[in-house]
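Q: File data09.txt below, compact mmCIF, C-alpha atoms:
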```txt
# COMPACT_ATOMS: atom_id res chain seq x y z
CA MET J 37 86.93 121.76 78.84
CA LEU J 38 89.17 118.85 79.71
CA GLU J 39 92.93 118.92 79.56
CA TYR J 40 93.60 122.64 79.17
CA SER J 41 95.84 124.14 81.80
CA GLU J 42 94.50 127.02 83.86
CA PRO J 43 96.04 130.00 81.99
CA VAL J 44 94.74 128.58 78.71
CA THR J 45 91.21 128.06 80.08
CA LYS J 46 91.25 131.62 81.41
CA LEU J 47 92.22 133.09 78.06
CA ILE J 48 89.62 130.98 76.20
CA ASP J 49 86.99 132.30 78.65
CA GLU J 50 88.08 135.87 77.98
CA PHE J 51 87.79 135.41 74.21
CA LYS J 52 84.35 133.82 74.67
CA ARG J 53 83.07 137.00 76.32
CA LEU J 54 83.62 138.89 73.08
CA PRO J 55 80.59 139.24 70.80
CA GLY J 56 80.28 136.58 68.08
CA ILE J 57 83.03 134.35 69.51
CA GLY J 58 82.00 130.84 70.58
CA GLN J 59 83.94 128.00 72.21
CA LYS J 60 85.63 126.82 68.98
CA SER J 61 86.75 130.27 67.82
CA ALA J 62 87.88 131.15 71.34
CA GLN J 63 90.03 127.99 71.42
CA ARG J 64 91.50 128.77 68.03
CA LEU J 65 92.27 132.37 69.00
CA ALA J 66 93.80 131.37 72.35
CA PHE J 67 96.09 128.85 70.67
CA HIS J 68 97.02 131.48 68.13
CA VAL J 69 98.01 133.85 70.96
CA MET J 70 100.18 131.13 72.49
CA ARG J 71 102.09 130.84 69.22
CA MET J 72 102.46 134.59 68.69
CA ALA J 73 105.79 136.21 69.55
CA GLU J 74 105.79 137.59 73.09
CA ALA J 75 106.42 141.14 71.80
CA ASP J 76 103.33 140.91 69.59
CA VAL J 77 101.14 139.75 72.46
CA GLU J 78 102.46 142.59 74.56
CA ARG J 79 101.66 145.12 71.84
CA PHE J 80 98.11 143.72 71.50
CA SER J 81 97.62 143.73 75.24
CA ASN J 82 98.85 147.34 75.45
CA ALA J 83 96.59 148.41 72.57
CA MET J 84 93.58 147.20 74.58
CA MET J 85 94.59 149.00 77.75
CA GLU J 86 95.50 152.13 75.79
CA VAL J 87 92.10 152.29 74.14
CA LYS J 88 90.44 151.84 77.52
CA ARG J 89 92.55 154.59 79.09
CA ARG J 90 92.28 157.11 76.28
CA ILE J 91 88.88 156.57 74.67
CA VAL J 92 85.79 158.13 76.29
CA PHE J 93 82.19 158.86 75.27
CA CYS J 94 81.73 162.30 73.72
CA ASP J 95 79.58 164.28 76.19
CA VAL J 96 77.62 165.78 73.31
CA CYS J 97 76.97 162.89 70.89
CA ASN J 98 78.18 159.72 72.73
CA ASN J 99 80.65 158.88 69.97
CA LEU J 100 83.78 157.09 71.23
CA THR J 101 86.62 159.57 71.05
CA ASP J 102 90.04 160.51 72.39
CA VAL J 103 89.09 164.21 72.61
CA ASN J 104 85.93 165.43 74.36
CA PRO J 105 83.79 166.80 72.71
CA CYS J 106 84.64 164.62 69.71
CA ARG J 107 86.10 165.76 66.38
CA PHE J 108 82.63 166.05 64.83
CA CYS J 109 81.01 168.02 67.65
CA SER J 110 83.91 170.43 68.01
CA ASN J 111 84.37 170.99 64.26
CA PRO J 112 82.93 174.35 63.14
CA GLY J 113 83.16 173.10 59.54
CA ARG J 114 80.37 170.55 60.20
CA ASP J 115 76.72 171.55 59.84
CA HIS J 116 75.38 171.61 63.41
CA SER J 117 71.81 172.09 62.18
CA MET J 118 71.62 168.42 61.16
CA ILE J 119 71.94 165.49 63.55
CA CYS J 120 72.21 161.94 62.21
CA ILE J 121 71.22 159.31 64.79
CA VAL J 122 73.02 155.95 64.53
CA GLU J 123 73.01 152.83 66.69
CA GLU J 124 76.73 152.16 66.96
CA PRO J 125 79.97 154.13 66.56
CA PHE J 126 80.94 152.02 63.53
CA ASN J 127 77.61 152.88 61.85
CA LEU J 128 78.79 156.47 61.88
CA VAL J 129 81.78 155.38 59.80
CA SER J 130 79.44 153.97 57.13
CA VAL J 131 77.74 157.36 56.87
CA GLU J 132 81.07 159.20 56.80
CA LYS J 133 82.34 157.02 53.98
CA THR J 134 79.71 158.48 51.62
CA ARG J 135 81.46 161.84 52.04
CA SER J 136 78.07 163.42 51.37
CA TYR J 137 76.93 164.04 54.94
CA LYS J 138 78.32 167.16 56.56
CA GLY J 139 76.19 167.31 59.72
CA VAL J 140 76.86 165.96 63.21
CA TYR J 141 75.89 162.70 64.92
CA HIS J 142 74.18 161.15 67.90
CA VAL J 143 75.21 157.61 68.87
CA LEU J 144 72.62 155.52 70.77
CA HIS J 145 74.90 152.56 71.60
CA GLY J 146 72.15 150.05 70.93
CA SER J 147 68.60 149.66 69.65
CA LEU J 148 65.27 148.89 71.34
CA SER J 149 64.66 145.19 71.79
CA PRO J 150 61.96 143.83 74.11
CA ILE J 151 63.35 140.32 73.49
CA ARG J 152 66.86 141.20 74.67
CA GLY J 153 65.34 143.43 77.37
CA ILE J 154 66.68 146.68 75.93
CA SER J 155 64.39 149.59 76.77
CA PRO J 156 64.71 153.33 75.96
CA ASP J 157 66.51 153.82 79.28
CA ASP J 158 69.33 151.59 78.05
CA LEU J 159 69.97 153.81 75.02
CA LYS J 160 72.06 156.96 75.23
CA LEU J 161 69.10 159.25 74.58
CA ALA J 162 69.20 161.52 77.64
CA ASN J 163 71.55 164.01 76.00
CA LEU J 164 69.62 164.21 72.69
CA LEU J 165 66.80 166.63 73.60
CA PRO J 166 69.10 169.20 75.30
CA ARG J 167 71.02 169.44 72.00
CA LEU J 168 67.93 170.89 70.32
CA LYS J 169 68.33 174.12 72.29
CA PRO J 170 70.53 176.49 70.25
CA GLU J 171 72.45 177.56 73.37
CA ASN J 172 73.65 173.98 73.79
CA ASN J 173 74.43 173.57 70.09
CA ASN J 174 77.03 176.16 69.02
CA ASP J 175 74.13 178.69 68.87
CA THR J 176 72.75 176.77 65.91
CA GLU J 177 69.12 175.73 65.59
CA VAL J 178 68.70 172.04 64.76
CA LYS J 179 66.66 171.86 61.54
CA GLU J 180 66.68 168.14 60.79
CA ILE J 181 67.23 164.88 62.60
CA ILE J 182 68.00 161.89 60.37
CA LEU J 183 67.15 158.50 61.84
CA ALA J 184 69.86 156.20 60.49
CA THR J 185 69.18 153.20 62.72
CA ASN J 186 69.35 149.80 61.00
CA PRO J 187 66.56 148.77 58.60
CA ASN J 188 65.56 145.80 60.78
CA THR J 189 62.88 145.22 63.44
CA GLU J 190 64.93 146.71 66.27
CA GLY J 191 66.23 149.64 64.28
CA GLU J 192 62.70 150.41 63.01
CA ALA J 193 61.28 150.26 66.54
CA THR J 194 64.03 152.59 67.72
CA ALA J 195 63.38 155.01 64.85
CA SER J 196 59.61 155.14 65.59
CA TYR J 197 60.26 155.63 69.29
CA ILE J 198 62.58 158.58 68.66
CA ALA J 199 60.21 160.01 66.02
CA ARG J 200 57.38 159.98 68.60
CA LEU J 201 59.69 161.54 71.18
CA LEU J 202 60.54 164.41 68.82
CA LYS J 203 57.00 164.92 67.51
CA PRO J 204 56.04 167.72 69.99
CA LEU J 205 59.11 169.70 68.90
CA SER J 206 59.18 171.67 65.68
CA VAL J 207 62.17 169.80 64.23
CA LYS J 208 61.99 167.91 60.93
CA VAL J 209 62.58 164.17 61.47
CA THR J 210 63.57 161.96 58.52
CA ARG J 211 64.34 158.26 58.06
CA ILE J 212 66.96 156.84 55.66
CA ALA J 213 65.46 155.25 52.52
CA MET J 214 64.98 151.52 52.13
CA GLY J 215 65.03 149.80 48.74
CA MET J 216 67.17 147.73 46.39
CA PRO J 217 70.89 147.88 47.23
CA VAL J 218 72.91 149.41 44.38
CA GLY J 219 74.54 146.71 42.25
CA SER J 220 72.13 144.01 43.42
CA ASP J 221 69.83 141.86 41.31
CA LEU J 222 66.01 141.65 41.36
CA GLU J 223 66.33 137.88 41.23
CA TYR J 224 67.93 137.71 44.66
CA VAL J 225 66.18 140.50 46.55
CA ASP J 226 63.87 139.52 49.45
CA GLU J 227 60.19 140.44 49.20
CA VAL J 228 60.22 143.00 52.03
CA THR J 229 63.01 144.95 50.38
CA MET J 230 61.30 144.64 46.97
CA ASP J 231 58.09 145.96 48.52
CA LYS J 232 59.98 148.94 49.98
CA ALA J 233 61.67 149.54 46.63
CA LEU J 234 58.26 149.58 44.92
CA SER J 235 56.47 151.79 47.42
CA ASN J 236 59.41 154.24 47.58
CA ARG J 237 59.56 154.55 43.76
CA HIS J 238 60.04 158.02 42.31
CA GLU J 239 59.63 159.63 38.92
CA ILE J 240 62.66 160.01 36.70
CA MET O 104 89.76 153.84 57.88
CA LEU O 105 88.54 157.38 58.20
CA GLU O 106 87.60 159.03 61.44
CA TYR O 107 89.02 156.58 63.97
CA SER O 108 91.45 158.00 66.47
CA GLU O 109 94.91 156.48 66.69
CA PRO O 110 94.43 154.13 69.69
CA VAL O 111 91.27 152.73 68.08
CA THR O 112 92.98 152.13 64.74
CA LYS O 113 95.83 150.39 66.54
CA LEU O 114 93.49 148.03 68.39
CA ILE O 115 91.52 147.25 65.21
CA ASP O 116 94.83 146.38 63.51
CA GLU O 117 95.75 144.05 66.37
CA PHE O 118 92.43 142.21 66.13
CA LYS O 119 92.84 141.92 62.34
CA ARG O 120 96.07 139.96 62.84
CA LEU O 121 94.10 137.16 64.54
CA PRO O 122 93.05 134.24 62.32
CA GLY O 123 89.55 134.51 60.83
CA ILE O 124 89.06 138.14 61.88
CA GLY O 125 88.52 140.66 59.09
CA GLN O 126 88.05 144.45 59.11
CA LYS O 127 84.36 144.37 60.14
CA SER O 128 84.79 141.88 63.00
CA ALA O 129 87.92 143.68 64.18
CA GLN O 130 85.95 146.95 64.32
CA ARG O 131 83.13 145.31 66.21
CA LEU O 132 85.53 143.71 68.71
CA ALA O 133 87.51 146.92 69.21
CA PHE O 134 84.34 148.88 69.95
CA HIS O 135 83.26 146.15 72.31
CA VAL O 136 86.55 146.46 74.19
CA MET O 137 86.03 150.22 74.49
CA ARG O 138 82.71 149.61 76.19
CA MET O 139 83.98 146.90 78.53
CA ALA O 140 84.70 147.85 82.13
CA GLU O 141 88.36 148.79 82.61
CA ALA O 142 88.84 145.93 85.11
CA ASP O 143 87.58 143.42 82.53
CA VAL O 144 89.94 144.70 79.85
CA GLU O 145 92.79 144.49 82.32
CA ARG O 146 91.90 140.89 83.18
CA PHE O 147 91.74 139.97 79.47
CA SER O 148 95.01 141.70 78.76
CA ASN O 149 96.66 139.90 81.71
CA ALA O 150 95.26 136.54 80.59
CA MET O 151 97.06 136.98 77.26
CA MET O 152 100.37 137.91 78.82
CA GLU O 153 100.02 135.13 81.40
CA VAL O 154 99.48 132.48 78.72
CA LYS O 155 102.51 133.78 76.86
CA ARG O 156 104.67 133.72 79.98
CA ARG O 157 103.55 130.36 81.32
CA ILE O 158 102.70 128.21 78.30
CA VAL O 159 105.52 126.47 76.42
CA PHE O 160 105.87 123.64 73.90
CA CYS O 161 106.29 120.23 75.53
CA ASP O 162 109.83 119.05 74.64
CA VAL O 163 108.56 115.55 74.03
CA CYS O 164 105.29 115.93 72.12
CA ASN O 165 105.05 119.68 71.24
CA ASN O 166 101.74 120.07 73.04
CA LEU O 167 101.22 123.53 74.57
CA THR O 168 101.59 123.15 78.31
CA ASP O 169 102.37 124.91 81.59
CA VAL O 170 104.56 122.00 82.80
CA ASN O 171 107.34 120.48 80.71
CA PRO O 172 107.07 117.59 79.80
CA CYS O 173 103.30 117.98 79.54
CA ARG O 174 100.68 116.14 81.63
CA PHE O 175 100.33 113.42 79.00
CA CYS O 176 104.02 112.73 78.52
CA SER O 177 104.80 112.70 82.26
CA ASN O 178 101.76 110.59 83.24
CA PRO O 179 102.76 106.96 83.95
CA GLY O 180 99.03 106.08 83.75
CA ARG O 181 99.04 106.74 79.97
CA ASP O 182 100.07 104.05 77.50
CA HIS O 183 103.45 105.19 76.16
CA SER O 184 103.48 102.45 73.54
CA MET O 185 100.91 104.33 71.43
CA ILE O 186 101.47 107.77 69.91
CA CYS O 187 98.60 109.63 68.29
CA ILE O 188 99.77 112.30 65.83
CA VAL O 189 97.52 115.38 65.50
CA GLU O 190 97.87 118.64 63.61
CA GLU O 191 96.90 121.13 66.32
CA PRO O 192 96.74 121.18 70.13
CA PHE O 193 92.94 121.54 70.00
CA ASN O 194 92.71 118.40 67.82
CA LEU O 195 94.16 116.53 70.78
CA VAL O 196 91.17 117.68 72.84
CA SER O 197 88.79 116.08 70.31
CA VAL O 198 90.59 112.75 70.79
CA GLU O 199 90.61 113.11 74.59
CA LYS O 200 86.87 113.77 74.63
CA THR O 201 86.19 110.23 73.41
CA ARG O 202 87.73 109.01 76.70
CA SER O 203 88.71 105.86 74.80
CA TYR O 204 92.30 106.75 73.91
CA LYS O 205 94.84 106.14 76.68
CA GLY O 206 98.09 106.63 74.75
CA VAL O 207 100.25 109.72 74.30
CA TYR O 208 100.39 112.38 71.56
CA HIS O 209 102.58 114.16 69.07
CA VAL O 210 101.47 117.62 67.90
CA LEU O 211 102.70 118.75 64.47
CA HIS O 212 101.47 122.37 64.65
CA GLY O 213 100.36 122.36 61.05
CA SER O 214 99.93 120.19 57.98
CA LEU O 215 101.77 119.93 54.69
CA SER O 216 100.55 122.37 52.07
CA PRO O 217 102.51 123.18 48.93
CA ILE O 218 99.97 125.95 48.19
CA ARG O 219 100.56 127.72 51.49
CA GLY O 220 104.26 126.87 51.25
CA ILE O 221 104.29 124.55 54.27
CA SER O 222 106.92 121.83 53.88
CA PRO O 223 107.93 119.00 56.25
CA ASP O 224 110.56 121.32 57.78
CA ASP O 225 107.79 123.62 59.00
CA LEU O 226 106.12 120.84 60.98
CA LYS O 227 107.31 119.82 64.43
CA LEU O 228 108.55 116.42 63.27
CA ALA O 229 112.20 116.51 64.37
CA ASN O 230 111.42 115.11 67.83
CA LEU O 231 109.19 112.27 66.59
CA LEU O 232 111.77 109.69 65.50
CA PRO O 233 113.88 109.93 68.71
CA ARG O 234 110.74 108.99 70.67
CA LEU O 235 110.74 105.58 69.03
CA LYS O 236 113.86 104.60 70.99
CA PRO O 237 112.73 103.00 74.28
CA GLU O 238 115.44 104.85 76.25
CA ASN O 239 113.80 108.15 75.23
CA ASN O 240 110.28 106.88 75.93
CA ASN O 241 110.00 105.84 79.61
CA ASP O 242 111.76 102.57 78.61
CA THR O 243 108.65 101.66 76.64
CA GLU O 244 108.75 100.40 73.05
CA VAL O 245 106.38 102.27 70.73
CA LYS O 246 104.07 99.67 69.17
CA GLU O 247 101.65 101.83 67.21
CA ILE O 248 101.51 105.31 65.73
CA ILE O 249 98.02 106.59 64.91
CA LEU O 250 97.85 109.25 62.22
CA ALA O 251 94.97 111.49 63.30
CA THR O 252 95.60 114.39 60.94
CA ASN O 253 92.48 115.91 59.34
CA PRO O 254 90.62 113.94 56.65
CA ASN O 255 91.27 116.63 54.00
CA THR O 256 93.89 117.07 51.28
CA GLU O 257 96.51 118.57 53.56
CA GLY O 258 95.91 116.14 56.41
CA GLU O 259 96.04 113.20 53.99
CA ALA O 260 99.29 114.43 52.46
CA THR O 261 100.76 114.84 55.94
CA ALA O 262 99.65 111.34 56.96
CA SER O 263 101.20 109.75 53.84
CA TYR O 264 104.41 111.68 54.35
CA ILE O 265 104.76 110.48 57.95
CA ALA O 266 103.76 106.93 56.99
CA ARG O 267 106.59 106.89 54.41
CA LEU O 268 108.98 108.34 57.00
CA LEU O 269 108.15 105.53 59.44
CA LYS O 270 108.14 102.73 56.88
CA PRO O 271 111.78 101.63 57.44
CA LEU O 272 111.05 101.23 61.17
CA SER O 273 109.24 98.24 62.58
CA VAL O 274 106.44 100.28 64.13
CA LYS O 275 102.76 99.75 63.19
CA VAL O 276 101.29 102.89 61.59
CA THR O 277 97.51 103.36 61.42
CA ARG O 278 95.19 106.02 60.03
CA ILE O 279 91.87 107.05 61.63
CA ALA O 280 88.81 105.73 59.73
CA MET O 281 86.81 107.86 57.31
CA GLY O 282 83.10 107.24 56.66
CA MET O 283 79.63 108.51 57.45
CA PRO O 284 79.52 110.71 60.57
CA VAL O 285 77.36 109.18 63.31
CA GLY O 286 73.88 110.74 63.33
CA SER O 287 74.15 111.96 59.75
CA ASP O 288 71.90 111.16 56.80
CA LEU O 289 72.78 109.42 53.51
CA GLU O 290 70.78 112.09 51.71
CA TYR O 291 73.21 114.84 52.69
CA VAL O 292 76.57 113.08 52.64
CA ASP O 293 79.10 114.09 49.97
CA GLU O 294 80.23 111.51 47.43
CA VAL O 295 83.82 111.27 48.66
CA THR O 296 82.69 110.43 52.20
CA MET O 297 80.08 107.99 50.84
CA ASP O 298 82.79 106.32 48.79
CA LYS O 299 84.99 105.95 51.90
CA ALA O 300 82.03 104.60 53.86
CA LEU O 301 81.42 101.99 51.17
CA SER O 302 85.01 100.90 50.72
CA ASN O 303 85.59 100.76 54.50
CA ARG O 304 82.50 98.60 55.05
CA HIS O 305 82.83 95.69 57.48
CA GLU O 306 80.84 92.56 58.26
CA ILE O 307 78.39 92.65 61.14
```
As structure tokens, please, write out the structure in this file.

A:
Amino acid sequence: MLEYSEPVTKLIDEFKRLPGIGQKSAQRLAFHVMRMAEADVERFSNAMMEVKRRIVFCDVCNNLTDVNPCRFCSNPGRDHSMICIVEEPFNLVSVEKTRSYKGVYHVLHGSLSPIRGISPDDLKLANLLPRLKPENNNDTEVKEIILATNPNTEGEATASYIARLLKPLSVKVTRIAMGMPVGSDLEYVDEVTMDKALSNRHEI
Amino acid sequence: MLEYSEPVTKLIDEFKRLPGIGQKSAQRLAFHVMRMAEADVERFSNAMMEVKRRIVFCDVCNNLTDVNPCRFCSNPGRDHSMICIVEEPFNLVSVEKTRSYKGVYHVLHGSLSPIRGISPDDLKLANLLPRLKPENNNDTEVKEIILATNPNTEGEATASYIARLLKPLSVKVTRIAMGMPVGSDLEYVDEVTMDKALSNRHEI
């Protein structure tokens, strides 16, 4: 870009590295930072470094955590016989918000995508199978693995891959249901979702 | 939010303070930061502090700059008899990109908005009138002031306000043209723009 001085260009470049931030947003954010009070910028800057220093991957489930193993894995109140597999740490929060799931998690940090060149080796899968041995799992046998990857092409591919991987083992593998979102309207639903909603119908 | 540890919550809150970033984006960005290499986070964090330490408002035109007065105001190659008034520092870049404007700038850092409670006192206008005295302007008389605020309600209100302010002075005040964007299609243009395009028609 023309006419920006070097510290400004640098900061715009840093913002552009963040996911979902293009040139225009990066510019806008950088100029916002320049107008923030210095103390506020310092607090932001420290919050980033702090997170980097204190947050690690949980050795058991790969969740991002400040204690290792994480609060789910080390909690005897959670049901260690159920593992819910999610793509991202913030997907775990969506499951938690239901307050109905009491099991533990496994975070993949991604989903399979031949287009973006993401293969099974790029997912955090290596520590999943060892968890199925009771001696590695608070002496609890894993009874069910819930595949809660996203209901899109990549999430589906990831779910099938993991299902095939677990097939030889005697563990029950389930997939979250797809259908009409609660509160939505038939008029606006896409045909793939409608099809899922029809084929997954149940008696009342 | 449930289940996030304290440093994570703090960083999400910091991201949420940025313009155009809501809870979901803030979460996504915070988790991205946690997965960045520590060196990259440090570089980002330093870029923010660096911008804050080195970038100031130009005393003459209010542009954000690392030298004061800024590169426009101190450049004898620019035409100091023309001042282009813009709302934001990044609006100035849009004008520069045309490579056809050789004058100097005045950055307001905002636009009038009774709804958002932004009055003339909140704009950086105080140092505009003194610039019209040749002794404050490289011994150059200002011949024209171009109002290049945005072509929306707030930008229009700001332009009229400044035009009224300058009326008693003998300086020529102009407003950037509104009409059909180049490369656009009559089929998709809104009626207000079409109306401007019609009323601003010129002989060829």

Q: Identify, on the basis of all atoms listed in the file, every residue whose closest approach to Phe134 of chain O does not exceed 9 Å; exclude the query and any residue fewer than 2 positions from it along the same chain; express the result as a PDB file with C-alpha atoms, in the frame of the given file.

A:
```pdb
ATOM      1  CA  LEU J 100      83.780 157.090  71.230  1.00  0.00           C
ATOM      2  CA  GLU J 124      76.730 152.160  66.960  1.00  0.00           C
ATOM      3  CA  PRO J 125      79.970 154.130  66.560  1.00  0.00           C
ATOM      4  CA  PHE J 126      80.940 152.020  63.530  1.00  0.00           C
TER       5      PHE J 126
ATOM      6  CA  VAL O 111      91.270 152.730  68.080  1.00  0.00           C
ATOM      7  CA  ILE O 115      91.520 147.250  65.210  1.00  0.00           C
ATOM      8  CA  ALA O 129      87.920 143.680  64.180  1.00  0.00           C
ATOM      9  CA  GLN O 130      85.950 146.950  64.320  1.00  0.00           C
ATOM     10  CA  ARG O 131      83.130 145.310  66.210  1.00  0.00           C
ATOM     11  CA  LEU O 132      85.530 143.710  68.710  1.00  0.00           C
ATOM     12  CA  VAL O 136      86.550 146.460  74.190  1.00  0.00           C
ATOM     13  CA  MET O 137      86.030 150.220  74.490  1.00  0.00           C
ATOM     14  CA  ARG O 138      82.710 149.610  76.190  1.00  0.00           C
ATOM     15  CA  MET O 139      83.980 146.900  78.530  1.00  0.00           C
TER      16      MET O 139
END
```

Q: Superposing chain J on chain O by least squares with every Cα paired in order, what RMSD results?

A: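 Result: 0.2 Å C-alpha RMSD.
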
Q: Using all atoms listed in the file and a distance of at most 6 Å, pull out the residues of chain O that contact chain J, as a short mmCIF file (atom, residue, chain, number, x, y, z; two decimals) with C-alpha atoms, keeping the file's coordinate frame.

A:
```cif
data_model
loop_
_atom_site.label_atom_id
_atom_site.label_comp_id
_atom_site.auth_asym_id
_atom_site.auth_seq_id
_atom_site.Cartn_x
_atom_site.Cartn_y
_atom_site.Cartn_z
CA PRO O 110 94.43 154.13 69.69
CA LEU O 114 93.49 148.03 68.39
CA GLU O 117 95.75 144.05 66.37
CA MET O 137 86.03 150.22 74.49
CA PHE O 147 91.74 139.97 79.47
CA SER O 148 95.01 141.70 78.76
CA ALA O 150 95.26 136.54 80.59
CA VAL O 154 99.48 132.48 78.72
CA LYS O 155 102.51 133.78 76.86
#
```

Q: Set the distance at 12 Å and use all atoms listed in the file: which residues neighbour Ile221 of chain O once local chain neighbours fewer than 3 positions away are removed? I'd like the list as a list in words.

A: Leu211, His212, Gly213, Ser214, Leu215, Ser216, Pro217, Ile218, Asp224, Asp225, Leu226, Lys227, Glu257, Ala260 and Thr261 of chain O

Q: For atom CA of Glu171 of chain J and atom CA of Asn104 of chain J, quote the distance in Å rounded to one decimal.

A: 18.2 Å

Q: Which is closer to His209 of chain O than all the others in O:Thr256, O:Asn303, O:Asn165, O:Asn178, using all atoms listed in the file?

A: O:Asn165

Q: First collect every listed atom of segment 159-171 of chain O; then fit an axis-aligned box around them, widen it by 5 Å on each side, and give centre and edge lengths in Å to one decimal, as lines of an AutoDock Vina configuration file.

A:
```
center_x = 105.5
center_y = 121.0
center_z = 77.0
size_x = 18.6
size_y = 20.9
size_z = 21.6
```

Q: Would you compute the distance between atom CA of Val285 of chain O and atom CA of Cys187 of chain O? Give it in Å to one decimal.

A: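 These two atoms are separated by 21.8 Å.
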
Q: What is the atom CA of Pro217 of chain J to atom CA of Arg114 of chain J distance in Å?

A: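 For atom CA of Pro217 of chain J relative to atom CA of Arg114 of chain J, the distance reads 27.8 Å.
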
Q: Residues at most 12 Å from Asp293 of chain O, counting all atoms listed in the file, excluding those fewer than 5 positions away in the same chain, as an MDAnalysis selection string?

A: chainID O and resid 282:284 287:288 298:300

Q: Show me the residues close to (66.3, 172.6, 57.9) - anything with an atom within 9 Å, counting only C-alpha atoms - and format the list as a list of chain:residue names.

A: J:Ser117, J:Met118, J:Glu177, J:Val178, J:Lys179, J:Glu180, J:Val207, J:Lys208

Q: Write out as number ranges by chain which residues come within 9 Å of Asp162 of chain O when counting only C-alpha atoms, dropping same-chain ones fewer than 4 positions away.

A: O: 166, 171-173, 230
